[in-house]
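Chemist: So here's data_32.tsv, just TSV, C-alpha atoms:
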```
chain	number	residue	atom	x	y	z
A	1	MET	CA	102.08	109.18	107.87
A	2	LYS	CA	103.33	111.29	105.00
A	3	LYS	CA	101.20	112.49	102.11
A	4	LEU	CA	101.23	110.20	99.10
A	5	THR	CA	102.29	111.25	95.63
A	6	ALA	CA	101.90	109.90	92.10
A	7	ALA	CA	103.47	106.44	91.55
A	8	ASP	CA	103.45	105.59	95.29
A	9	LYS	CA	101.90	102.22	96.05
A	10	ALA	CA	98.33	102.49	97.34
A	11	ILE	CA	98.11	101.51	101.00
A	12	SER	CA	95.82	98.55	101.38
A	13	PHE	CA	93.02	98.50	103.90
A	14	GLN	CA	89.96	96.53	104.79
A	15	ALA	CA	86.94	98.11	106.48
A	16	LYS	CA	83.17	97.80	106.83
A	17	ASP	CA	80.98	100.22	104.89
A	18	LEU	CA	77.62	101.60	106.03
A	19	ASN	CA	75.81	98.48	104.82
A	20	GLY	CA	78.13	96.15	106.74
A	21	SER	CA	79.92	94.98	103.58
A	22	THR	CA	83.67	94.49	103.77
A	23	ILE	CA	85.54	96.84	101.47
A	24	ASN	CA	89.03	95.58	100.69
A	25	LEU	CA	91.13	97.83	98.47
A	26	ALA	CA	92.93	94.77	97.06
A	27	ASP	CA	89.62	93.61	95.56
A	28	TYR	CA	89.75	96.62	93.22
A	29	LYS	CA	93.01	95.53	91.56
A	30	GLY	CA	92.55	95.90	87.80
A	31	GLN	CA	90.14	98.82	88.27
A	32	LYS	CA	90.45	102.55	88.77
A	33	VAL	CA	89.44	103.78	92.21
A	34	LEU	CA	88.62	107.22	93.54
A	35	LEU	CA	89.08	107.31	97.32
A	36	SER	CA	87.28	110.44	98.43
A	37	PHE	CA	88.16	111.45	102.00
A	38	PHE	CA	85.60	113.76	103.56
A	39	ARG	CA	85.64	115.61	106.86
A	40	LYS	CA	82.80	114.91	109.22
A	41	ALA	CA	79.44	113.51	108.14
A	42	ALA	CA	77.60	116.72	109.12
A	43	CYS	CA	80.04	118.97	107.25
A	44	PRO	CA	77.96	121.05	104.81
A	45	PHE	CA	80.82	121.44	102.36
A	46	CYS	CA	81.43	117.69	102.29
A	47	ASN	CA	77.76	116.97	101.74
A	48	LEU	CA	77.76	119.35	98.76
A	49	ALA	CA	80.79	117.51	97.35
A	50	MET	CA	79.07	114.17	98.04
A	51	GLN	CA	76.08	115.39	95.99
A	52	GLN	CA	78.43	116.00	93.07
A	53	LEU	CA	79.79	112.46	93.27
A	54	ILE	CA	76.26	111.04	93.39
A	55	ARG	CA	75.03	113.16	90.46
A	56	ASN	CA	77.99	112.13	88.34
A	57	HIS	CA	78.17	108.49	89.38
A	58	GLN	CA	77.08	107.24	85.96
A	59	LYS	CA	79.84	109.27	84.28
A	60	PHE	CA	82.40	107.74	86.66
A	61	GLU	CA	81.08	104.27	85.85
A	62	GLU	CA	81.36	104.98	82.11
A	63	LYS	CA	85.01	105.92	82.65
A	64	GLY	CA	85.60	102.76	84.69
A	65	ILE	CA	86.14	104.68	87.94
A	66	LYS	CA	84.92	103.04	91.16
A	67	VAL	CA	84.12	105.50	93.96
A	68	VAL	CA	84.73	104.75	97.63
A	69	ALA	CA	83.91	107.56	100.08
A	70	LEU	CA	85.25	107.85	103.61
A	71	PHE	CA	84.10	110.05	106.48
A	72	ALA	CA	86.01	110.84	109.68
A	73	SER	CA	82.84	110.06	111.63
A	74	THR	CA	81.07	107.20	113.34
A	75	LYS	CA	78.65	104.97	111.45
A	76	LYS	CA	75.74	106.54	113.34
A	77	GLU	CA	76.83	110.07	112.32
A	78	VAL	CA	77.32	109.06	108.67
A	79	GLU	CA	73.86	107.44	108.58
A	80	LYS	CA	72.28	110.56	110.10
A	81	TYR	CA	73.87	113.03	107.68
A	82	ALA	CA	75.77	111.95	104.55
A	83	GLY	CA	74.10	108.55	104.41
A	84	THR	CA	70.67	110.09	103.88
A	85	GLN	CA	71.75	111.01	100.35
A	86	LYS	CA	71.71	107.29	99.45
A	87	PRO	CA	74.94	107.21	97.42
A	88	PRO	CA	75.31	104.39	94.87
A	89	PHE	CA	78.83	103.65	96.13
A	90	PRO	CA	80.27	102.50	99.47
A	91	ILE	CA	80.82	104.88	102.37
A	92	ILE	CA	83.29	103.88	105.06
A	93	PRO	CA	83.02	105.50	108.50
A	94	ASP	CA	86.55	106.01	109.90
A	95	ALA	CA	86.05	107.90	113.17
A	96	ASP	CA	89.31	106.56	114.61
A	97	PHE	CA	91.32	107.80	111.57
A	98	LYS	CA	92.89	104.41	110.81
A	99	ILE	CA	92.63	104.81	107.04
A	100	TYR	CA	92.94	108.61	107.15
A	101	GLY	CA	96.25	108.24	108.97
A	102	LYS	CA	97.59	105.73	106.44
A	103	TYR	CA	96.86	108.18	103.61
A	104	GLY	CA	98.38	111.23	105.29
A	105	ILE	CA	95.10	113.14	105.68
A	106	GLU	CA	95.70	116.23	107.80
A	107	SER	CA	93.78	118.59	110.05
A	108	SER	CA	94.14	122.36	109.90
A	109	TYR	CA	92.57	125.13	111.95
A	110	GLY	CA	93.84	127.52	109.28
A	111	GLY	CA	91.90	125.61	106.63
A	112	MET	CA	88.81	125.74	108.84
A	113	LEU	CA	89.11	129.52	109.33
A	114	GLN	CA	89.78	130.06	105.63
A	115	THR	CA	86.45	128.40	104.86
A	116	MET	CA	84.34	129.72	107.73
A	117	PHE	CA	85.34	133.35	107.16
A	118	ASN	CA	84.52	133.21	103.47
A	119	PRO	CA	80.92	134.47	103.16
A	120	ALA	CA	80.52	133.09	99.61
A	121	LYS	CA	81.42	129.57	100.75
A	122	VAL	CA	79.17	129.74	103.80
A	123	TRP	CA	76.31	131.09	101.66
A	124	LYS	CA	76.79	128.21	99.19
A	125	ALA	CA	76.49	125.72	102.06
A	126	LEU	CA	73.36	127.49	103.37
A	127	ARG	CA	71.74	127.42	99.93
A	128	GLY	CA	72.61	123.75	99.53
A	129	GLY	CA	70.54	122.95	102.61
A	130	PHE	CA	73.43	121.35	104.46
A	131	PHE	CA	74.60	124.10	106.77
A	132	SER	CA	75.33	122.88	110.28
A	133	LEU	CA	77.48	124.40	113.00
A	134	SER	CA	77.84	121.02	114.71
A	135	THR	CA	81.16	120.26	112.99
A	136	VAL	CA	82.82	123.60	113.80
A	137	PRO	CA	84.24	122.53	117.19
A	138	GLN	CA	85.27	119.09	115.87
A	139	ASP	CA	88.70	118.09	114.59
A	140	PRO	CA	89.32	120.25	111.48
A	141	VAL	CA	90.06	117.38	109.09
A	142	LEU	CA	90.77	118.46	105.52
A	143	PRO	CA	89.35	116.60	102.52
A	144	ALA	CA	91.41	114.66	99.96
A	145	GLU	CA	90.93	112.68	96.77
A	146	ILE	CA	93.24	109.81	95.93
A	147	LEU	CA	93.07	108.35	92.42
A	148	ILE	CA	94.39	104.78	92.32
A	149	ASN	CA	95.17	103.06	89.03
A	150	GLU	CA	94.59	99.46	87.97
A	151	ASN	CA	97.97	98.42	89.40
A	152	GLN	CA	97.09	99.80	92.85
A	153	GLU	CA	99.45	102.75	92.43
A	154	ILE	CA	98.62	106.37	93.09
A	155	HIS	CA	97.75	108.14	89.87
A	156	ARG	CA	97.09	111.42	91.66
A	157	ALA	CA	96.84	112.47	95.30
A	158	TYR	CA	94.98	115.72	95.93
A	159	TYR	CA	95.02	117.12	99.47
A	160	GLY	CA	92.57	119.95	100.11
A	161	GLN	CA	93.71	123.16	101.79
A	162	ASN	CA	90.31	124.07	103.29
A	163	TYR	CA	86.93	122.48	103.97
A	164	ASP	CA	85.56	122.74	100.44
A	165	ASP	CA	88.77	122.14	98.50
A	166	HIS	CA	88.01	119.03	96.44
A	167	LEU	CA	89.03	117.91	92.96
A	168	SER	CA	86.33	118.88	90.53
A	169	VAL	CA	84.29	116.21	88.79
A	170	ALA	CA	85.76	117.42	85.47
A	171	GLU	CA	89.32	116.86	86.75
A	172	ILE	CA	88.47	113.35	87.90
A	173	LEU	CA	86.77	112.50	84.60
A	174	GLN	CA	89.88	113.64	82.68
A	175	TRP	CA	91.67	110.60	84.08
A	176	GLU	CA	92.33	108.50	81.01
A	177	TYR	CA	92.68	104.78	80.66
A	178	PRO	CA	96.18	103.52	79.95
A	179	THR	CA	96.51	102.10	76.49
A	180	ASN	CA	96.14	98.33	76.19
A	181	LEU	CA	99.90	98.07	75.54
A	182	GLU	CA	100.75	100.10	78.70
A	183	TYR	CA	98.45	97.86	80.72
A	184	GLN	CA	100.08	94.69	79.34
A	185	LEU	CA	103.60	96.05	79.94
A	186	ALA	CA	102.64	96.63	83.57
A	187	GLY	CA	102.19	92.85	83.85
A	188	ASN	CA	98.46	92.60	83.37
A	189	ALA	CA	96.42	90.40	81.09
A	190	THR	CA	94.97	91.76	77.86
A	191	VAL	CA	91.96	93.95	78.44
```
Any chance you could give the structure as structure tokens?
Modeler:
Amino acid sequence: MKKLTAADKAISFQAKDLNGSTINLADYKGQKVLLSFFRKAACPFCNLAMQQLIRNHQKFEEKGIKVVALFASTKKEVEKYAGTQKPPFPIIPDADFKIYGKYGIESSYGGMLQTMFNPAKVWKALRGGFFSLSTVPQDPVLPAEILINENQEIHRAYYGQNYDDHLSVAEILQWEYPTNLEYQLAGNATV
């Protein structure tokens, strides 16, 4: 599948989260959604990025942004690693890459090497308490953030180039609401 760009239609999906709840993207119509695609559940760089989403969850809520995180790992792996952080938003395990494939998420050994041979990045992961070599031999999935607007269209699609290449919290929080008139012109009820 190709990478998505702004104004593309969001690709619907339905999947079970860690708690067994069904997450259906269509249920978020009328709301802003951040789909945050992470590598593997044991990835130290992804766990650092997950911490940022958890710490700023209230700010996302205040901006009307719903967060849905995905990991290219099994439910058991997500529970063992990323799930221990107890995020206040759903996490979807997608070990078979069904949703990742739909959204054009790629793998890159170059991106892996770029991260692993950067001492500053490795040191940051060590200091964060998440360093693990267990993901090194695994598929080198790259992270991505997909911002989906109220009309289920892509507002922004950000595809990382290496393991710790995520949109910053500040960039996500800069996402502004459409004006009431823009929302109505798009065929929605008055908000």
Chemist: Write out as a PDB file with C-alpha atoms, in the frame of the given file each polymer residue whose atoms come within 12 Å of stretch 63-67 of chain A, counting only C-alpha atoms; drop sequence neighbours fewer than 3 positions from it.
Modeler:
```pdb
ATOM      1  CA  ILE A  23      85.540  96.840 101.470  1.00  0.00           C
ATOM      2  CA  LEU A  25      91.130  97.830  98.470  1.00  0.00           C
ATOM      3  CA  ASP A  27      89.620  93.610  95.560  1.00  0.00           C
ATOM      4  CA  TYR A  28      89.750  96.620  93.220  1.00  0.00           C
ATOM      5  CA  LYS A  29      93.010  95.530  91.560  1.00  0.00           C
ATOM      6  CA  GLY A  30      92.550  95.900  87.800  1.00  0.00           C
ATOM      7  CA  GLN A  31      90.140  98.820  88.270  1.00  0.00           C
ATOM      8  CA  LYS A  32      90.450 102.550  88.770  1.00  0.00           C
ATOM      9  CA  VAL A  33      89.440 103.780  92.210  1.00  0.00           C
ATOM     10  CA  LEU A  34      88.620 107.220  93.540  1.00  0.00           C
ATOM     11  CA  LEU A  35      89.080 107.310  97.320  1.00  0.00           C
ATOM     12  CA  SER A  36      87.280 110.440  98.430  1.00  0.00           C
ATOM     13  CA  PHE A  37      88.160 111.450 102.000  1.00  0.00           C
ATOM     14  CA  MET A  50      79.070 114.170  98.040  1.00  0.00           C
ATOM     15  CA  GLN A  52      78.430 116.000  93.070  1.00  0.00           C
ATOM     16  CA  LEU A  53      79.790 112.460  93.270  1.00  0.00           C
ATOM     17  CA  ILE A  54      76.260 111.040  93.390  1.00  0.00           C
ATOM     18  CA  ASN A  56      77.990 112.130  88.340  1.00  0.00           C
ATOM     19  CA  HIS A  57      78.170 108.490  89.380  1.00  0.00           C
ATOM     20  CA  GLN A  58      77.080 107.240  85.960  1.00  0.00           C
ATOM     21  CA  LYS A  59      79.840 109.270  84.280  1.00  0.00           C
ATOM     22  CA  PHE A  60      82.400 107.740  86.660  1.00  0.00           C
ATOM     23  CA  LEU A  70      85.250 107.850 103.610  1.00  0.00           C
ATOM     24  CA  PRO A  87      74.940 107.210  97.420  1.00  0.00           C
ATOM     25  CA  PRO A  88      75.310 104.390  94.870  1.00  0.00           C
ATOM     26  CA  PHE A  89      78.830 103.650  96.130  1.00  0.00           C
ATOM     27  CA  PRO A  90      80.270 102.500  99.470  1.00  0.00           C
ATOM     28  CA  ILE A  91      80.820 104.880 102.370  1.00  0.00           C
ATOM     29  CA  ILE A  92      83.290 103.880 105.060  1.00  0.00           C
ATOM     30  CA  GLU A 145      90.930 112.680  96.770  1.00  0.00           C
ATOM     31  CA  ILE A 146      93.240 109.810  95.930  1.00  0.00           C
ATOM     32  CA  LEU A 147      93.070 108.350  92.420  1.00  0.00           C
ATOM     33  CA  ILE A 148      94.390 104.780  92.320  1.00  0.00           C
ATOM     34  CA  ASN A 149      95.170 103.060  89.030  1.00  0.00           C
ATOM     35  CA  GLU A 150      94.590  99.460  87.970  1.00  0.00           C
ATOM     36  CA  VAL A 169      84.290 116.210  88.790  1.00  0.00           C
ATOM     37  CA  ALA A 170      85.760 117.420  85.470  1.00  0.00           C
ATOM     38  CA  ILE A 172      88.470 113.350  87.900  1.00  0.00           C
ATOM     39  CA  LEU A 173      86.770 112.500  84.600  1.00  0.00           C
ATOM     40  CA  GLN A 174      89.880 113.640  82.680  1.00  0.00           C
ATOM     41  CA  TRP A 175      91.670 110.600  84.080  1.00  0.00           C
ATOM     42  CA  GLU A 176      92.330 108.500  81.010  1.00  0.00           C
ATOM     43  CA  TYR A 177      92.680 104.780  80.660  1.00  0.00           C
ATOM     44  CA  PRO A 178      96.180 103.520  79.950  1.00  0.00           C
TER      45      PRO A 178
END
```
Chemist: I'd like to know which of A:Arg39, A:Lys3, A:Arg55, A:Lys76 is closest to A:Phe97, using all atoms listed in the file.
Modeler: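 Smallest distance to A:Phe97 is found for A:Arg39.
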Chemist: Give me the residues near A:Asn47 as a list in words, where near means some atom within 9 Å (using all atoms listed in the file) and where sequence neighbours in that chain fewer than 2 positions away do not count.
Modeler: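 Here the qualifying residues turn out to be Phe38, Ala41, Ala42, Cys43, Pro44, Phe45, Ala49, Met50, Gln51, Gln52, Tyr81, Ala82, Gln85, Ala125, Gly128 and Phe130 of chain A.
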Chemist: Would you compute the distance between atom CA of A:Glu77 and atom CA of A:Tyr158? Give it in Å to one decimal.
Modeler: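 Atom-to-atom, atom CA of A:Glu77 to atom CA of A:Tyr158, that is 25.1 Å.
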Chemist: Between atom CA of A:Asp96 and atom CA of A:Ala72, measure the distance and give it in Å to one decimal.
Modeler: 7.3 Å
Chemist: Quote the spacing between atom CA of A:Lys40 and atom CA of A:Glu171 in Å to one decimal place.
Modeler: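 Rounded to one decimal, the two atoms are 23.5 Å apart.
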Chemist: Using all atoms listed in the file, can you list as a PyMOL selection string the residues within 12 Å of (104.0, 109.7, 95.2)?
Modeler: chain A and resi 2-11+103-104+146-148+153-158
Chemist: From the list A:Ser73, A:Ala95, A:Glu79, A:Cys46, which residue is nearest A:Asn162 when using all atoms listed in the file?
Modeler: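 For A:Asn162, the nearest of the candidates is A:Cys46.
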Chemist: Measuring between all atoms listed in the file, which one of A:Asp94, A:Asp17, A:Glu106, A:Asp165 shows the shortest distance to A:Leu48?
Modeler: A:Asp165
Chemist: Select, from A:Thr84, A:Ser12, A:Glu61, A:Ile99, the residue with the minimum atom-to-atom distance to A:Gln152, counting all atoms listed in the file.
Modeler: A:Ser12
Chemist: Put a box with edges along x, y and z around all the listed atoms of stretch 74-92 of chain A, pad it by 3 Å on each side, then give me its centre and sizes in Å, one decimal, as lines of an AutoDock Vina configuration file.
Modeler:
```
center_x = 77.0
center_y = 107.8
center_z = 104.1
size_x = 18.6
size_y = 16.5
size_z = 24.5
```
